[in-house]
file input34.pdb (PDB, C-alpha atoms (C1' of nucleotides))
MODEL        1
ATOM      1  CA  MET S1398     -33.048  11.602  13.037
ATOM      2  CA  THR S1399     -31.677  13.926  10.376
ATOM      3  CA  ILE S1400     -28.781  15.856  11.794
ATOM      4  CA  GLU S1401     -27.773  18.736   9.571
ATOM      5  CA  PRO S1402     -24.370  17.602   8.348
ATOM      6  CA  GLU S1403     -23.142  21.196   8.321
ATOM      7  CA  LEU S1404     -23.909  21.592  12.005
ATOM      8  CA  CYS S1405     -22.583  18.187  12.900
ATOM      9  CA  LYS S1406     -21.065  17.891  16.345
ATOM     10  CA  VAL S1407     -20.345  14.202  16.118
ATOM     11  CA  GLU S1408     -16.674  14.896  15.495
ATOM     12  CA  ASP S1409     -16.409  16.844  18.732
ATOM     13  CA  ALA S1410     -17.607  13.893  20.745
ATOM     14  CA  LEU S1411     -15.528  11.536  18.647
ATOM     15  CA  GLY S1412     -12.393  13.566  19.243
ATOM     16  CA  ILE S1413     -12.635  12.946  22.950
ATOM     17  CA  LEU S1414     -12.965   9.188  22.675
ATOM     18  CA  VAL S1415     -10.308   8.817  20.010
ATOM     19  CA  GLY S1416      -6.859   7.854  21.073
ATOM     20  CA  LYS S1417      -5.738   4.315  21.226
ATOM     21  CA  TRP S1418      -6.339   4.007  24.969
ATOM     22  CA  LYS S1419      -9.001   6.483  25.962
ATOM     23  CA  PRO S1420     -12.064   4.261  25.988
ATOM     24  CA  ILE S1421     -10.348   1.643  28.069
ATOM     25  CA  ILE S1422      -8.966   4.199  30.516
ATOM     26  CA  LEU S1423     -12.443   5.668  30.933
ATOM     27  CA  LEU S1424     -13.984   2.265  31.450
ATOM     28  CA  HIS S1425     -11.467   1.425  34.146
ATOM     29  CA  LEU S1426     -12.157   4.677  35.955
ATOM     30  CA  MET S1427     -15.898   4.231  35.574
ATOM     31  CA  LYS S1428     -15.785   0.699  36.863
ATOM     32  CA  ASN S1429     -13.288   1.049  39.664
ATOM     33  CA  GLY S1430     -13.680   4.683  40.660
ATOM     34  CA  THR S1431     -10.689   6.720  41.703
ATOM     35  CA  GLN S1432      -7.391   5.212  40.653
ATOM     36  CA  ARG S1433      -3.757   6.078  41.101
ATOM     37  CA  PHE S1434      -1.500   6.525  38.118
ATOM     38  CA  SER S1435       0.302   3.282  38.813
ATOM     39  CA  GLU S1436      -2.952   1.380  39.257
ATOM     40  CA  LEU S1437      -4.108   2.545  35.860
ATOM     41  CA  LYS S1438      -0.769   1.670  34.367
ATOM     42  CA  ARG S1439      -1.144  -1.860  35.659
ATOM     43  CA  SER S1440      -4.768  -2.111  34.556
ATOM     44  CA  VAL S1441      -4.325  -0.861  31.033
ATOM     45  CA  LEU S1442      -2.196  -3.626  29.659
ATOM     46  CA  GLY S1443       0.557  -2.621  27.297
ATOM     47  CA  ILE S1444       0.320   1.113  27.736
ATOM     48  CA  THR S1445       3.507   3.067  28.274
ATOM     49  CA  GLN S1446       3.900   5.765  30.904
ATOM     50  CA  LYS S1447       4.187   8.392  28.245
ATOM     51  CA  MET S1448       0.949   7.418  26.554
ATOM     52  CA  LEU S1449      -0.960   7.098  29.808
ATOM     53  CA  THR S1450       0.166  10.548  30.865
ATOM     54  CA  LYS S1451      -0.773  12.033  27.514
ATOM     55  CA  GLN S1452      -4.220  10.475  27.333
ATOM     56  CA  LEU S1453      -4.998  11.449  30.917
ATOM     57  CA  ARG S1454      -3.978  15.042  30.230
ATOM     58  CA  GLU S1455      -6.228  15.213  27.187
ATOM     59  CA  LEU S1456      -9.187  13.831  29.100
ATOM     60  CA  GLU S1457      -8.472  16.234  31.915
ATOM     61  CA  ASP S1458      -8.413  19.168  29.502
ATOM     62  CA  GLU S1459     -11.932  18.256  28.434
ATOM     63  CA  ASP S1460     -13.131  18.020  32.043
ATOM     64  CA  ILE S1461     -13.907  14.339  31.614
ATOM     65  CA  ILE S1462     -11.578  13.283  34.403
ATOM     66  CA  GLU S1463     -10.150  14.975  37.455
ATOM     67  CA  ARG S1464      -6.537  14.886  38.594
ATOM     68  CA  VAL S1465      -5.622  15.262  42.245
ATOM     69  CA  VAL S1466      -2.002  15.573  43.299
ATOM     70  CA  TYR S1467      -0.965  14.762  46.849
ATOM     71  CA  PRO S1468       2.157  16.757  47.654
ATOM     72  CA  GLN S1469       4.166  14.063  49.323
ATOM     73  CA  VAL S1470       7.142  11.833  48.788
ATOM     74  CA  PRO S1471       6.818   9.546  46.983
ATOM     75  CA  PRO S1472       4.301  11.371  44.799
ATOM     76  CA  LYS S1473       0.707  10.235  44.682
ATOM     77  CA  VAL S1474      -1.719  11.257  41.964
ATOM     78  CA  GLU S1475      -5.297  10.123  41.723
ATOM     79  CA  TYR S1476      -7.606  10.204  38.760
ATOM     80  CA  SER S1477     -11.374   9.971  38.700
ATOM     81  CA  ILE S1478     -14.301  10.558  36.373
ATOM     82  CA  THR S1479     -15.940  13.948  36.871
ATOM     83  CA  GLU S1480     -19.689  14.310  37.210
ATOM     84  CA  TYR S1481     -19.628  15.839  33.756
ATOM     85  CA  GLY S1482     -17.568  12.951  32.448
ATOM     86  CA  LYS S1483     -20.224  10.535  33.572
ATOM     87  CA  SER S1484     -22.478  11.892  30.844
ATOM     88  CA  LEU S1485     -20.302   9.916  28.439
ATOM     89  CA  GLU S1486     -21.319   6.623  29.985
ATOM     90  CA  PRO S1487     -24.469   6.076  27.926
ATOM     91  CA  ILE S1488     -22.519   6.707  24.756
ATOM     92  CA  LEU S1489     -19.788   4.282  25.703
ATOM     93  CA  ALA S1490     -22.445   1.756  26.617
ATOM     94  CA  ALA S1491     -24.208   2.213  23.288
ATOM     95  CA  MET S1492     -20.977   1.873  21.363
ATOM     96  CA  HIS S1493     -19.998  -1.200  23.336
ATOM     97  CA  GLU S1494     -23.335  -2.809  22.579
ATOM     98  CA  TRP S1495     -23.137  -1.928  18.908
ATOM     99  CA  GLY S1496     -19.540  -3.121  18.757
ATOM    100  CA  THR S1497     -20.425  -6.423  20.355
ATOM    101  CA  ASN S1498     -23.146  -6.978  17.816
ATOM    102  CA  HIS S1499     -20.878  -5.907  14.997
ATOM    103  CA  THR S1500     -18.315  -8.511  15.952
ATOM    104  CA  ILE S1501     -21.013 -11.151  15.558
ATOM    105  CA  HIS S1502     -22.123  -9.616  12.271
ATOM    106  CA  LYS S1503     -18.624  -9.856  10.857
ATOM    107  CA  GLN S1504     -18.196 -13.431  11.994
ATOM    108  CA  GLN S1505     -21.436 -14.424  10.294
ATOM    109  CA  LYS S1506     -20.353 -12.685   7.117
ATOM    110  CA  LEU S1507     -17.045 -14.529   7.229
ATOM    111  CA  MET S1508     -18.701 -17.903   7.783
ATOM    112  CA  LYS S1509     -21.064 -17.340   4.885
ATOM    113  CA  LYS S1510     -18.142 -16.502   2.620
ATOM    114  CA  THR S1511     -16.246 -19.610   3.693
ATOM    115  CA  THR S1512     -19.269 -21.815   3.113
ATOM    116  CA  GLU S1513     -19.793 -20.415  -0.364
ATOM    117  CA  GLN S1514     -16.191 -21.035  -1.305
ATOM    118  CA  SER S1515     -16.157 -24.632  -0.123
ATOM    119  CA  SER S1516     -19.314 -25.513  -2.060
TER     120      SER S1516
ATOM    121  CA  MET K 780     -23.244   0.336  33.369
ATOM    122  CA  THR K 781     -19.938  -1.379  34.097
ATOM    123  CA  ILE K 782     -18.507  -2.759  30.913
ATOM    124  CA  GLU K 783     -15.659  -5.134  31.537
ATOM    125  CA  PRO K 784     -12.705  -3.229  30.134
ATOM    126  CA  GLU K 785     -11.103  -6.452  28.985
ATOM    127  CA  LEU K 786     -14.114  -7.329  26.867
ATOM    128  CA  CYS K 787     -14.552  -3.818  25.616
ATOM    129  CA  LYS K 788     -15.986  -3.476  22.122
ATOM    130  CA  VAL K 789     -16.117   0.279  22.121
ATOM    131  CA  GLU K 790     -13.037   0.440  19.943
ATOM    132  CA  ASP K 791     -14.697  -1.702  17.294
ATOM    133  CA  ALA K 792     -17.540   0.752  16.963
ATOM    134  CA  LEU K 793     -15.167   3.677  17.219
ATOM    135  CA  GLY K 794     -13.004   2.343  14.431
ATOM    136  CA  ILE K 795     -15.891   2.533  12.033
ATOM    137  CA  LEU K 796     -16.706   6.146  12.785
ATOM    138  CA  VAL K 797     -13.119   7.332  12.894
ATOM    139  CA  GLY K 798     -11.700   8.964   9.859
ATOM    140  CA  LYS K 799     -11.845  12.628   9.227
ATOM    141  CA  TRP K 800     -14.885  12.397   6.966
ATOM    142  CA  LYS K 801     -16.856   9.324   7.924
ATOM    143  CA  PRO K 802     -19.454  10.835  10.212
ATOM    144  CA  ILE K 803     -20.285  13.563   7.746
ATOM    145  CA  ILE K 804     -20.486  11.133   4.848
ATOM    146  CA  LEU K 805     -22.847   8.944   6.832
ATOM    147  CA  LEU K 806     -25.001  11.883   7.826
ATOM    148  CA  HIS K 807     -25.318  12.984   4.219
ATOM    149  CA  LEU K 808     -26.354   9.524   3.140
ATOM    150  CA  MET K 809     -28.748   9.190   6.053
ATOM    151  CA  LYS K 810     -30.333  12.534   5.350
ATOM    152  CA  ASN K 811     -30.463  12.462   1.573
ATOM    153  CA  GLY K 812     -30.653   8.751   0.843
ATOM    154  CA  THR K 813     -28.878   7.295  -2.167
ATOM    155  CA  GLN K 814     -26.198   9.558  -3.588
ATOM    156  CA  ARG K 815     -23.842   9.437  -6.524
ATOM    157  CA  PHE K 816     -20.132   9.709  -5.976
ATOM    158  CA  SER K 817     -20.052  13.176  -7.493
ATOM    159  CA  GLU K 818     -22.997  14.329  -5.386
ATOM    160  CA  LEU K 819     -21.200  13.266  -2.243
ATOM    161  CA  LYS K 820     -18.040  14.942  -3.443
ATOM    162  CA  ARG K 821     -19.957  18.190  -3.813
ATOM    163  CA  SER K 822     -21.744  17.792  -0.483
ATOM    164  CA  VAL K 823     -18.726  16.984   1.618
ATOM    165  CA  LEU K 824     -16.883  20.243   1.333
ATOM    166  CA  GLY K 825     -13.127  20.072   1.028
ATOM    167  CA  ILE K 826     -12.795  16.309   0.605
ATOM    168  CA  THR K 827     -10.549  14.986  -2.125
ATOM    169  CA  GLN K 828     -11.543  12.202  -4.481
ATOM    170  CA  LYS K 829      -8.953   9.966  -2.968
ATOM    171  CA  MET K 830     -10.242  10.397   0.555
ATOM    172  CA  LEU K 831     -13.866  10.033  -0.442
ATOM    173  CA  THR K 832     -13.084   6.809  -2.248
ATOM    174  CA  LYS K 833     -11.095   5.488   0.675
ATOM    175  CA  GLN K 834     -13.669   6.306   3.323
ATOM    176  CA  LEU K 835     -16.481   4.867   1.226
ATOM    177  CA  ARG K 836     -14.549   1.634   0.719
ATOM    178  CA  GLU K 837     -13.948   1.278   4.424
ATOM    179  CA  LEU K 838     -17.600   1.835   5.231
ATOM    180  CA  GLU K 839     -18.543  -0.611   2.509
ATOM    181  CA  ASP K 840     -16.211  -3.237   3.940
ATOM    182  CA  GLU K 841     -18.079  -2.992   7.231
ATOM    183  CA  ASP K 842     -21.466  -3.343   5.499
ATOM    184  CA  ILE K 843     -22.491   0.111   6.648
ATOM    185  CA  ILE K 844     -23.043   1.382   3.136
ATOM    186  CA  GLU K 845     -23.813  -0.224  -0.189
ATOM    187  CA  ARG K 846     -22.111   0.520  -3.486
ATOM    188  CA  VAL K 847     -23.912   0.017  -6.770
ATOM    189  CA  VAL K 848     -22.051   0.381 -10.048
ATOM    190  CA  TYR K 849     -23.964   1.027 -13.251
ATOM    191  CA  PRO K 850     -21.900  -0.369 -16.129
ATOM    192  CA  GLN K 851     -22.255   2.517 -18.522
ATOM    193  CA  VAL K 852     -20.235   5.350 -20.007
ATOM    194  CA  PRO K 853     -19.720   7.652 -18.317
ATOM    195  CA  PRO K 854     -19.625   5.547 -15.150
ATOM    196  CA  LYS K 855     -22.277   5.962 -12.500
ATOM    197  CA  VAL K 856     -21.864   4.753  -8.940
ATOM    198  CA  GLU K 857     -24.427   5.120  -6.218
ATOM    199  CA  TYR K 858     -23.965   4.816  -2.486
ATOM    200  CA  SER K 859     -26.570   4.274   0.187
ATOM    201  CA  ILE K 860     -26.865   3.297   3.822
ATOM    202  CA  THR K 861     -27.620  -0.385   4.334
ATOM    203  CA  GLU K 862     -30.339  -1.551   6.671
ATOM    204  CA  TYR K 863     -27.593  -2.713   8.956
ATOM    205  CA  GLY K 864     -25.884   0.656   8.699
ATOM    206  CA  LYS K 865     -29.007   2.342   9.969
ATOM    207  CA  SER K 866     -28.349   0.790  13.351
ATOM    208  CA  LEU K 867     -25.608   3.377  13.727
ATOM    209  CA  GLU K 868     -28.065   6.253  13.614
ATOM    210  CA  PRO K 869     -28.904   6.294  17.326
ATOM    211  CA  ILE K 870     -25.222   6.367  18.173
ATOM    212  CA  LEU K 871     -24.518   9.216  15.803
ATOM    213  CA  ALA K 872     -27.501  11.053  17.228
ATOM    214  CA  ALA K 873     -26.292  10.524  20.780
ATOM    215  CA  MET K 874     -22.828  11.693  19.916
ATOM    216  CA  HIS K 875     -24.160  14.714  18.105
ATOM    217  CA  GLU K 876     -26.233  15.655  21.110
ATOM    218  CA  TRP K 877     -23.356  15.154  23.497
ATOM    219  CA  GLY K 878     -21.031  17.083  21.193
ATOM    220  CA  THR K 879     -23.451  19.967  20.978
ATOM    221  CA  ASN K 880     -23.654  20.155  24.728
ATOM    222  CA  HIS K 881     -19.905  19.837  25.052
ATOM    223  CA  THR K 882     -19.369  22.837  22.816
ATOM    224  CA  ILE K 883     -21.494  24.872  25.210
ATOM    225  CA  HIS K 884     -19.652  23.413  28.179
ATOM    226  CA  LYS K 885     -16.309  24.506  26.773
ATOM    227  CA  GLN K 886     -17.564  27.988  25.995
ATOM    228  CA  GLN K 887     -18.801  28.406  29.551
ATOM    229  CA  LYS K 888     -15.487  27.216  30.910
ATOM    230  CA  LEU K 889     -13.680  29.701  28.696
ATOM    231  CA  MET K 890     -15.925  32.588  29.752
ATOM    232  CA  LYS K 891     -15.427  31.775  33.410
ATOM    233  CA  LYS K 892     -11.675  31.771  32.927
ATOM    234  CA  THR K 893     -11.780  35.114  31.126
ATOM    235  CA  THR K 894     -13.930  36.660  33.855
ATOM    236  CA  GLU K 895     -11.581  35.480  36.575
ATOM    237  CA  GLN K 896      -8.579  36.921  34.800
ATOM    238  CA  SER K 897     -10.167  40.348  34.276
ATOM    239  CA  SER K 898     -11.160  40.679  37.891
TER     240      SER K 898
ATOM    241  C1'  DC D 247     -17.337  10.041 -14.119
ATOM    242  C1'  DC D 248     -15.027   7.376 -11.057
ATOM    243  C1'  DG D 249     -11.006   5.756  -8.967
ATOM    244  C1'  DC D 250      -6.230   4.156  -8.696
ATOM    245  C1'  DA D 251      -1.083   5.109  -7.976
ATOM    246  C1'  DT D 252       2.611   7.994  -6.336
ATOM    247  C1'  DC D 253       4.754  11.065  -3.518
ATOM    248  C1'  DC D 254       4.921  13.866   0.507
ATOM    249  C1'  DT D 255       4.078  15.806   5.200
ATOM    250  C1'  DA D 256       2.313  15.972   9.833
ATOM    251  C1'  DA D 257       0.537  13.592  13.612
ATOM    252  C1'  DC D 258       0.365   9.683  16.433
ATOM    253  C1'  DT D 259       2.569   5.951  18.827
ATOM    254  C1'  DG D 260       6.263   3.422  21.039
ATOM    255  C1'  DA D 261      10.967   2.172  23.347
ATOM    256  C1'  DT D 262      14.061   3.864  26.259
ATOM    257  C1'  DA D 263      16.496   6.679  29.461
ATOM    258  C1'  DC D 264      16.432  10.236  32.862
ATOM    259  C1'  DT D 265      14.530  13.407  36.981
ATOM    260  C1'  DG D 266      12.302  15.420  41.493
TER     261       DG D 266
ATOM    262  C1'  DC C 103       5.852   7.217  42.079
ATOM    263  C1'  DA C 104       4.784  10.002  38.538
ATOM    264  C1'  DG C 105       6.239  12.076  35.424
ATOM    265  C1'  DT C 106       9.558  14.441  31.193
ATOM    266  C1'  DA C 107      12.798  14.109  27.131
ATOM    267  C1'  DT C 108      14.528  12.139  23.034
ATOM    268  C1'  DC C 109      14.528   9.446  19.077
ATOM    269  C1'  DA C 110      12.575   6.367  15.755
ATOM    270  C1'  DG C 111       8.772   3.896  13.416
ATOM    271  C1'  DT C 112       4.078   3.903  11.740
ATOM    272  C1'  DT C 113      -0.021   5.757   9.955
ATOM    273  C1'  DA C 114      -3.456   9.299   8.421
ATOM    274  C1'  DG C 115      -4.277  12.736   5.380
ATOM    275  C1'  DG C 116      -3.527  15.602   1.244
ATOM    276  C1'  DA C 117      -1.726  17.130  -3.713
ATOM    277  C1'  DT C 118      -1.335  15.701  -8.039
ATOM    278  C1'  DG C 119      -1.445  13.043 -12.245
ATOM    279  C1'  DC C 120      -2.953   8.932 -15.045
ATOM    280  C1'  DG C 121      -6.443   5.487 -16.869
ATOM    281  C1'  DG C 122     -10.840   2.858 -18.077
TER     282       DG C 122
ENDMDL
END

call {"tool": "encode", "arguments": {"input": "input34.pdb", "output": "structure tokens"}}
result
Amino acid sequence: MTIEPELCKVEDALGILVGKWKPIILLHLMKNGTQRFSELKRSVLGITQKMLTKQLRELEDEDIIERVVYPQVPPKVEYSITEYGKSLEPILAAMHEWGTNHTIHKQQKLMKKTTEQSS
Amino acid sequence: MTIEPELCKVEDALGILVGKWKPIILLHLMKNGTQRFSELKRSVLGITQKMLTKQLRELEDEDIIERVVYPQVPPKVEYSITEYGKSLEPILAAMHEWGTNHTIHKQQKLMKKTTEQSS
DNA sequence: CCGCATCCTAACTGATACTG
DNA sequence: CAGTATCAGTTAGGATGCGG
């Protein structure tokens, strides 16, 4: 590989995924397609309105998601992944796979430690 | 793709890369191999001893890097990527590539905006 | 040389109440 | 319904000094 650390753009990509709820919001939109604000709020368990709004704005600013407002009463706002945003899918998939494996790795490490102590 | 958001492990992987200096530390170790603490300190411009120590500990706790202490005076401590840690390389590479492209994407967006305003 | 401890600030996150 | 505003708690990051 050998990325020149001085020219590293990893942080730029990282910055977009970071935020306590961003990956899960993206996954919901990727899985279910267009979603209303309230649908997302229900889907992303535990998130507050304020946080959902904030994270959506940040993703929108990076062109990862699109926001469509229907001028009606009551208001209706729909969010969806942009074509550009879809380019993040392979990265999310890779991280999910690595993360899944890492969970196993940590469990094995823990079991080994426990075994050693009990012997 | 379709990762079940409820079973999402993206955050686990993300947590390991997050930290203002972790990606760059990893890239230095991946590029240059084993490095002493002081070498890393010199390489990672602007980092404080405290932060370098902290980030290295966190990476060590996840088995991404290995820490070898030589019991001598003055002390000598070497850090290197573990075999397991190398499995992160493809992800870093993918993120770097995406980040590089995203930088271009943002510049184009900015230029378009500027053009529209001047017209 | 390496790293810990302390103090400090800014940013992030959350609970809650209010508005068109 | 989809936000905004305010306040309070938590955490990340940085400056500095001490110690083996």

call {"tool": "resolve_selection", "arguments": {"input": "input34.pdb", "expression": "the PyMOL selection byres ((chain C) within 12 of (chain S))", "output": "list in words"}}
result
DC103, DA104, DG105, DT106 and DA107 of chain C

call {"tool": "write_last_selection", "arguments": {"input": "input34.pdb", "atoms": "C-alpha atoms (C1' of nucleotides)", "output": "mmCIF file, in the frame of the given file"}}
result
data_model
loop_
_atom_site.group_PDB
_atom_site.id
_atom_site.type_symbol
_atom_site.label_atom_id
_atom_site.label_comp_id
_atom_site.auth_asym_id
_atom_site.auth_seq_id
_atom_site.Cartn_x
_atom_site.Cartn_y
_atom_site.Cartn_z
ATOM 1 C "C1'" DC C 103 5.852 7.217 42.079
ATOM 2 C "C1'" DA C 104 4.784 10.002 38.538
ATOM 3 C "C1'" DG C 105 6.239 12.076 35.424
ATOM 4 C "C1'" DT C 106 9.558 14.441 31.193
ATOM 5 C "C1'" DA C 107 12.798 14.109 27.131
#

call {"tool": "interface_residues", "arguments": {"input": "input34.pdb", "of": "chain S", "to": "chain D", "cutoff": "12 Å", "atoms": "all atoms listed in the file", "output": "list in words"}}
result
Val1415, Gly1416, Lys1417, Trp1418, Gly1443, Ile1444, Thr1445, Gln1446, Lys1447, Met1448, Leu1449, Lys1451, Gln1452, Pro1468, Gln1469, Val1470, Pro1471 and Pro1472 of chain S

call {"tool": "calpha_fit_and_write", "arguments": {"input": "input34.pdb", "fixed": "chain K", "moving": "chain S", "output": "JSON list (two decimals) with C-alpha atoms, in the coordinates of the input"}}
result
[["chain", "number", "residue", "atom", "x", "y", "z"],
["S", 1398, "MET", "CA", -23.27, 0.39, 33.43],
["S", 1399, "THR", "CA", -19.99, -1.35, 34.18],
["S", 1400, "ILE", "CA", -18.58, -2.74, 30.99],
["S", 1401, "GLU", "CA", -15.73, -5.14, 31.63],
["S", 1402, "PRO", "CA", -12.78, -3.22, 30.23],
["S", 1403, "GLU", "CA", -11.16, -6.46, 29.09],
["S", 1404, "LEU", "CA", -14.17, -7.33, 26.96],
["S", 1405, "CYS", "CA", -14.59, -3.81, 25.69],
["S", 1406, "LYS", "CA", -16.01, -3.51, 22.20],
["S", 1407, "VAL", "CA", -16.13, 0.26, 22.18],
["S", 1408, "GLU", "CA", -13.03, 0.40, 20.01],
["S", 1409, "ASP", "CA", -14.69, -1.72, 17.35],
["S", 1410, "ALA", "CA", -17.53, 0.73, 17.00],
["S", 1411, "LEU", "CA", -15.14, 3.64, 17.25],
["S", 1412, "GLY", "CA", -12.97, 2.27, 14.47],
["S", 1413, "ILE", "CA", -15.85, 2.50, 12.05],
["S", 1414, "LEU", "CA", -16.68, 6.11, 12.79],
["S", 1415, "VAL", "CA", -13.08, 7.26, 12.88],
["S", 1416, "GLY", "CA", -11.65, 8.83, 9.80],
["S", 1417, "LYS", "CA", -11.73, 12.50, 9.22],
["S", 1418, "TRP", "CA", -14.81, 12.34, 6.99],
["S", 1419, "LYS", "CA", -16.81, 9.29, 7.92],
["S", 1420, "PRO", "CA", -19.40, 10.81, 10.22],
["S", 1421, "ILE", "CA", -20.22, 13.53, 7.77],
["S", 1422, "ILE", "CA", -20.43, 11.12, 4.84],
["S", 1423, "LEU", "CA", -22.80, 8.92, 6.84],
["S", 1424, "LEU", "CA", -24.94, 11.87, 7.83],
["S", 1425, "HIS", "CA", -25.26, 12.98, 4.23],
["S", 1426, "LEU", "CA", -26.30, 9.51, 3.14],
["S", 1427, "MET", "CA", -28.70, 9.19, 6.05],
["S", 1428, "LYS", "CA", -30.27, 12.54, 5.36],
["S", 1429, "ASN", "CA", -30.42, 12.48, 1.59],
["S", 1430, "GLY", "CA", -30.62, 8.77, 0.85],
["S", 1431, "THR", "CA", -28.86, 7.32, -2.15],
["S", 1432, "GLN", "CA", -26.18, 9.57, -3.57],
["S", 1433, "ARG", "CA", -23.81, 9.45, -6.49],
["S", 1434, "PHE", "CA", -20.10, 9.75, -5.97],
["S", 1435, "SER", "CA", -20.02, 13.23, -7.44],
["S", 1436, "GLU", "CA", -22.97, 14.36, -5.33],
["S", 1437, "LEU", "CA", -21.16, 13.28, -2.21],
["S", 1438, "LYS", "CA", -18.01, 14.96, -3.39],
["S", 1439, "ARG", "CA", -19.91, 18.21, -3.75],
["S", 1440, "SER", "CA", -21.68, 17.79, -0.42],
["S", 1441, "VAL", "CA", -18.67, 16.97, 1.68],
["S", 1442, "LEU", "CA", -16.83, 20.23, 1.42],
["S", 1443, "GLY", "CA", -13.09, 20.04, 1.10],
["S", 1444, "ILE", "CA", -12.77, 16.32, 0.63],
["S", 1445, "THR", "CA", -10.54, 15.03, -2.14],
["S", 1446, "GLN", "CA", -11.53, 12.26, -4.52],
["S", 1447, "LYS", "CA", -8.93, 9.99, -3.04],
["S", 1448, "MET", "CA", -10.18, 10.41, 0.50],
["S", 1449, "LEU", "CA", -13.83, 10.04, -0.47],
["S", 1450, "THR", "CA", -13.06, 6.82, -2.30],
["S", 1451, "LYS", "CA", -11.06, 5.47, 0.62],
["S", 1452, "GLN", "CA", -13.63, 6.28, 3.28],
["S", 1453, "LEU", "CA", -16.46, 4.86, 1.18],
["S", 1454, "ARG", "CA", -14.52, 1.63, 0.65],
["S", 1455, "GLU", "CA", -13.91, 1.26, 4.37],
["S", 1456, "LEU", "CA", -17.57, 1.82, 5.19],
["S", 1457, "GLU", "CA", -18.53, -0.62, 2.47],
["S", 1458, "ASP", "CA", -16.19, -3.25, 3.90],
["S", 1459, "GLU", "CA", -18.06, -3.01, 7.19],
["S", 1460, "ASP", "CA", -21.44, -3.35, 5.47],
["S", 1461, "ILE", "CA", -22.45, 0.11, 6.63],
["S", 1462, "ILE", "CA", -23.01, 1.38, 3.11],
["S", 1463, "GLU", "CA", -23.80, -0.23, -0.20],
["S", 1464, "ARG", "CA", -22.13, 0.51, -3.52],
["S", 1465, "VAL", "CA", -23.96, 0.02, -6.79],
["S", 1466, "VAL", "CA", -22.14, 0.38, -10.09],
["S", 1467, "TYR", "CA", -24.06, 1.08, -13.28],
["S", 1468, "PRO", "CA", -22.06, -0.28, -16.19],
["S", 1469, "GLN", "CA", -22.40, 2.62, -18.55],
["S", 1470, "VAL", "CA", -20.46, 5.46, -20.05],
["S", 1471, "PRO", "CA", -19.91, 7.78, -18.34],
["S", 1472, "PRO", "CA", -19.73, 5.66, -15.19],
["S", 1473, "LYS", "CA", -22.36, 6.03, -12.51],
["S", 1474, "VAL", "CA", -21.92, 4.76, -8.97],
["S", 1475, "GLU", "CA", -24.45, 5.14, -6.21],
["S", 1476, "TYR", "CA", -23.96, 4.83, -2.50],
["S", 1477, "SER", "CA", -26.56, 4.27, 0.19],
["S", 1478, "ILE", "CA", -26.83, 3.29, 3.83],
["S", 1479, "THR", "CA", -27.59, -0.40, 4.33],
["S", 1480, "GLU", "CA", -30.32, -1.56, 6.66],
["S", 1481, "TYR", "CA", -27.56, -2.74, 8.95],
["S", 1482, "GLY", "CA", -25.84, 0.62, 8.70],
["S", 1483, "LYS", "CA", -28.96, 2.32, 9.95],
["S", 1484, "SER", "CA", -28.32, 0.77, 13.35],
["S", 1485, "LEU", "CA", -25.57, 3.36, 13.72],
["S", 1486, "GLU", "CA", -28.04, 6.21, 13.61],
["S", 1487, "PRO", "CA", -28.89, 6.27, 17.31],
["S", 1488, "ILE", "CA", -25.21, 6.34, 18.17],
["S", 1489, "LEU", "CA", -24.50, 9.19, 15.80],
["S", 1490, "ALA", "CA", -27.50, 11.01, 17.21],
["S", 1491, "ALA", "CA", -26.30, 10.49, 20.77],
["S", 1492, "MET", "CA", -22.81, 11.67, 19.93],
["S", 1493, "HIS", "CA", -24.16, 14.69, 18.10],
["S", 1494, "GLU", "CA", -26.26, 15.63, 21.10],
["S", 1495, "TRP", "CA", -23.39, 15.13, 23.51],
["S", 1496, "GLY", "CA", -21.06, 17.06, 21.21],
["S", 1497, "THR", "CA", -23.48, 19.95, 20.97],
["S", 1498, "ASN", "CA", -23.70, 20.15, 24.72],
["S", 1499, "HIS", "CA", -19.96, 19.83, 25.06],
["S", 1500, "THR", "CA", -19.41, 22.81, 22.82],
["S", 1501, "ILE", "CA", -21.54, 24.85, 25.21],
["S", 1502, "HIS", "CA", -19.70, 23.42, 28.19],
["S", 1503, "LYS", "CA", -16.36, 24.51, 26.79],
["S", 1504, "GLN", "CA", -17.61, 27.98, 25.98],
["S", 1505, "GLN", "CA", -18.86, 28.42, 29.54],
["S", 1506, "LYS", "CA", -15.54, 27.23, 30.90],
["S", 1507, "LEU", "CA", -13.74, 29.71, 28.68],
["S", 1508, "MET", "CA", -15.97, 32.60, 29.72],
["S", 1509, "LYS", "CA", -15.46, 31.81, 33.38],
["S", 1510, "LYS", "CA", -11.70, 31.80, 32.90],
["S", 1511, "THR", "CA", -11.80, 35.13, 31.08],
["S", 1512, "THR", "CA", -13.94, 36.70, 33.78],
["S", 1513, "GLU", "CA", -11.59, 35.53, 36.51],
["S", 1514, "GLN", "CA", -8.59, 36.97, 34.73],
["S", 1515, "SER", "CA", -10.14, 40.38, 34.17],
["S", 1516, "SER", "CA", -11.15, 40.74, 37.82]]

call {"tool": "closest_atom_pairs", "arguments": {"input": "input34.pdb", "of": "chain K", "to": "chain S", "cutoff": "7 Å", "atoms": "all atoms listed in the file", "output": "tab-separated table"}}
result
residue	atom	partner	partner_atom	distance
K:Met780	CA	S:Ala1490	CA	6.9
K:Thr781	CA	S:Lys1428	CA	5.4
K:Ile782	CA	S:Leu1424	CA	6.8
K:Pro784	CA	S:Leu1424	CA	5.8
K:Cys787	CA	S:His1493	CA	6.5
K:Lys788	CA	S:His1493	CA	4.8
K:Val789	CA	S:His1493	CA	4.3
K:Asp791	CA	S:Gly1496	CA	5.3
K:Ala792	CA	S:Gly1496	CA	4.7
K:Pro802	CA	S:Val1407	CA	6.9
K:Ile803	CA	S:Pro1402	CA	5.8
K:Leu806	CA	S:Pro1402	CA	5.8
K:His807	CA	S:Pro1402	CA	6.3
K:Lys810	CA	S:Thr1399	CA	5.4
K:Ile870	CA	S:Ala1491	CA	6.7
K:Leu871	CA	S:Val1407	CA	6.5
K:Ala872	CA	S:Met1398	CA	7.0
K:Ala873	CA	S:Ile1488	CA	6.7
K:Met874	CA	S:Val1407	CA	5.2
K:His875	CA	S:Val1407	CA	4.3
K:Trp877	CA	S:Ala1410	CA	6.5
K:Gly878	CA	S:Ala1410	CA	4.7
K:Thr879	CA	S:Lys1406	CA	5.6
